[in-house]
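Participant: Just model_17.cif, nothing more (mmCIF, C-alpha atoms):
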data_model
loop_
_atom_site.label_atom_id
_atom_site.label_comp_id
_atom_site.auth_asym_id
_atom_site.auth_seq_id
_atom_site.Cartn_x
_atom_site.Cartn_y
_atom_site.Cartn_z
CA MET H 1 25.39 -10.41 60.13
CA LYS H 2 21.83 -9.40 61.01
CA LYS H 3 21.17 -7.16 63.96
CA PHE H 4 17.98 -7.60 65.90
CA THR H 5 16.54 -4.74 67.91
CA PRO H 6 14.74 -5.63 71.12
CA TYR H 7 11.06 -4.80 71.40
CA LYS H 8 11.01 -2.12 74.08
CA ASN H 9 7.34 -1.15 74.03
CA VAL H 10 6.15 -4.08 76.15
CA ARG H 11 4.62 -1.79 78.75
CA LYS H 12 2.76 0.04 76.03
CA GLN H 13 1.18 -3.07 74.53
CA ALA H 14 2.55 -6.55 73.95
CA MET H 15 2.26 -7.69 70.33
CA VAL H 16 2.51 -11.20 68.89
CA LEU H 17 2.61 -11.53 65.08
CA GLY H 18 1.42 -7.93 64.81
CA LEU H 19 -1.67 -8.52 66.96
CA PRO H 20 -2.37 -7.55 70.57
CA LEU H 21 -2.61 -10.47 72.97
CA PRO H 22 -6.46 -10.72 73.07
CA TYR H 23 -6.66 -10.68 69.26
CA PHE H 24 -3.83 -13.21 69.03
CA ALA H 25 -5.66 -15.49 71.47
CA LEU H 26 -8.82 -15.22 69.35
CA GLN H 27 -6.80 -16.07 66.25
CA MET H 28 -5.26 -19.12 67.93
CA ILE H 29 -8.69 -20.34 69.08
CA SER H 30 -9.86 -20.04 65.48
CA VAL H 31 -6.82 -21.95 64.21
CA ILE H 32 -7.36 -24.77 66.72
CA GLY H 33 -11.05 -24.93 65.88
CA SER H 34 -10.27 -25.05 62.18
CA LEU H 35 -7.81 -27.88 62.75
CA LEU H 36 -10.59 -29.81 64.48
CA VAL H 37 -12.88 -29.14 61.52
CA ILE H 38 -10.23 -30.40 59.12
CA ILE H 39 -9.60 -33.54 61.19
CA PHE H 40 -13.24 -34.53 61.59
CA SER H 41 -14.52 -33.57 58.13
CA PHE H 42 -11.60 -34.15 55.82
CA SER H 43 -12.53 -32.69 52.45
CA LEU H 44 -10.99 -30.24 50.03
CA GLY H 45 -13.88 -27.79 50.47
CA ALA H 46 -13.45 -27.76 54.24
CA ILE H 47 -9.72 -27.12 53.94
CA ALA H 48 -10.26 -24.23 51.50
CA THR H 49 -13.03 -22.71 53.62
CA VAL H 50 -11.00 -22.91 56.83
CA LEU H 51 -7.94 -21.42 55.14
CA ILE H 52 -9.95 -18.49 53.75
CA TRP H 53 -11.64 -17.99 57.14
CA ASN H 54 -8.34 -17.78 59.01
CA VAL H 55 -6.80 -15.38 56.49
CA LEU H 56 -9.87 -13.11 56.62
CA LEU H 57 -9.93 -13.21 60.43
CA TYR H 58 -6.24 -12.26 60.59
CA ALA H 59 -6.82 -9.38 58.15
CA ILE H 60 -9.78 -8.08 60.16
CA LEU H 61 -7.96 -8.37 63.48
CA SER H 62 -4.85 -6.64 62.15
CA ARG H 63 -7.04 -3.82 60.79
CA LEU H 64 -8.71 -3.48 64.20
CA ALA H 65 -5.29 -3.42 65.88
CA GLN H 66 -4.18 -0.53 63.66
CA ASP H 67 -7.35 1.52 64.24
CA PRO H 68 -8.77 0.60 67.69
CA GLY H 69 -11.45 3.32 67.57
CA MET H 70 -13.09 1.90 64.46
CA PHE H 71 -16.19 0.65 66.30
CA HIS H 72 -16.20 3.27 69.04
CA ARG H 73 -19.14 5.43 67.99
CA GLN H 74 -20.55 6.68 71.28
CA ASN H 75 -19.08 9.13 73.77
CA VAL H 76 -18.50 7.69 77.21
CA PHE H 77 -19.04 10.93 79.11
CA PRO H 78 -21.63 13.64 78.43
CA GLN H 79 -20.51 16.98 77.04
CA THR H 80 -21.74 18.92 80.08
CA ILE H 81 -22.43 17.93 83.65
CA SER H 82 -25.09 19.90 85.45
CA ASN H 83 -27.01 19.81 88.73
CA LYS H 84 -30.02 21.49 87.15
CA LYS H 85 -33.32 19.73 87.73
CA THR H 86 -34.57 18.03 84.61
CA SER H 87 -38.09 17.55 85.96
CA TYR H 88 -40.50 19.77 87.84
CA MET H 89 -42.01 16.90 89.80
CA PHE H 90 -41.61 17.01 93.58
CA TYR H 91 -41.25 13.72 95.38
CA GLU H 92 -41.26 15.14 98.91
CA ASP H 93 -44.40 16.16 100.72
CA PRO H 94 -44.75 19.97 100.88
#
Could you write out this file's structure as structure tokens?

Facilitator:
Amino acid sequence: MKKFTPYKNVRKQAMVLGLPLPYFALQMISVIGSLLVIIFSFSLGAIATVLIWNVLLYAILSRLAQDPGMFHRQNVFPQTISNKKTSYMFYEDP
């Protein structure tokens, strides 16, 4: 008999089909949109294109879920914080 272990890391980050919730929601919006495309333009090319699109989107989103810092290129905070004047202009009247 199979034993199923409960997912205990819900507070860490909830995952559905290996994707975080925002990525899963984006994937479901894409699936619903592709179903609308298939319904309103029923052709073999549309079905193949939509299928390839959804598979590629899932692959990209799962890759982003594994490495969340992939697009994070810029530091949020500066290396040093200083009160030193950066300009010698005086704005007050002497």

Participant: Name the residues captured by the PyMOL selection byres ((chain H and resi 18) around 12) when it is applied to the shown file; answer as number ranges by chain.

Facilitator: H: 13-17, 19-24, 27, 58-59, 61-66

Participant: Pick from H:Leu57, H:Ile81, H:Ile52, H:Ile47: nearest to Ser30 in chain H, with only C-alpha atoms counted?

Facilitator: H:Leu57

Participant: Figure out the distance between CA of Phe42 in chain H and CA of Asn54 in chain H, please, to one decimal in Å.

Facilitator: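 Value for the CA of Asn54 in chain H-CA of Phe42 in chain H distance: 17.0 Å.
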
Participant: When you count all atoms listed in the file, which of these residues is closest to Ile38 in chain H: H:Tyr88, H:Phe77, H:Leu51, H:Ile60?

Facilitator: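 Ranked by minimum distance to Ile38 in chain H, first place goes to H:Leu51.
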
Participant: Which one is closest to Val31 in chain H: H:Pro6, H:Trp53, H:Asp67, H:Ser87? Count only C-alpha atoms.

Facilitator: H:Trp53

Participant: Could you check how far CA of Ala46 in chain H sits from CA of Gly33 in chain H, in Å to one decimal?

Facilitator: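 Going from CA of Ala46 in chain H over to CA of Gly33 in chain H, I get 12.2 Å.
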
Participant: Return the padded bounding box of range 16-28 of chain H as lines of an AutoDock Vina configuration file: axis-aligned, built from all atoms listed in the file, 6 Å added on each side, with centre and edge lengths in Å to one decimal.

Facilitator:
center_x = -3.1
center_y = -13.3
center_z = 68.9
size_x = 23.4
size_y = 23.6
size_z = 20.3

Participant: Could you check how far CA of Val55 in chain H sits from CA of Ser34 in chain H, in Å to one decimal?

Facilitator: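 So the two atoms, CA of Val55 in chain H and CA of Ser34 in chain H, lie 11.7 Å apart.
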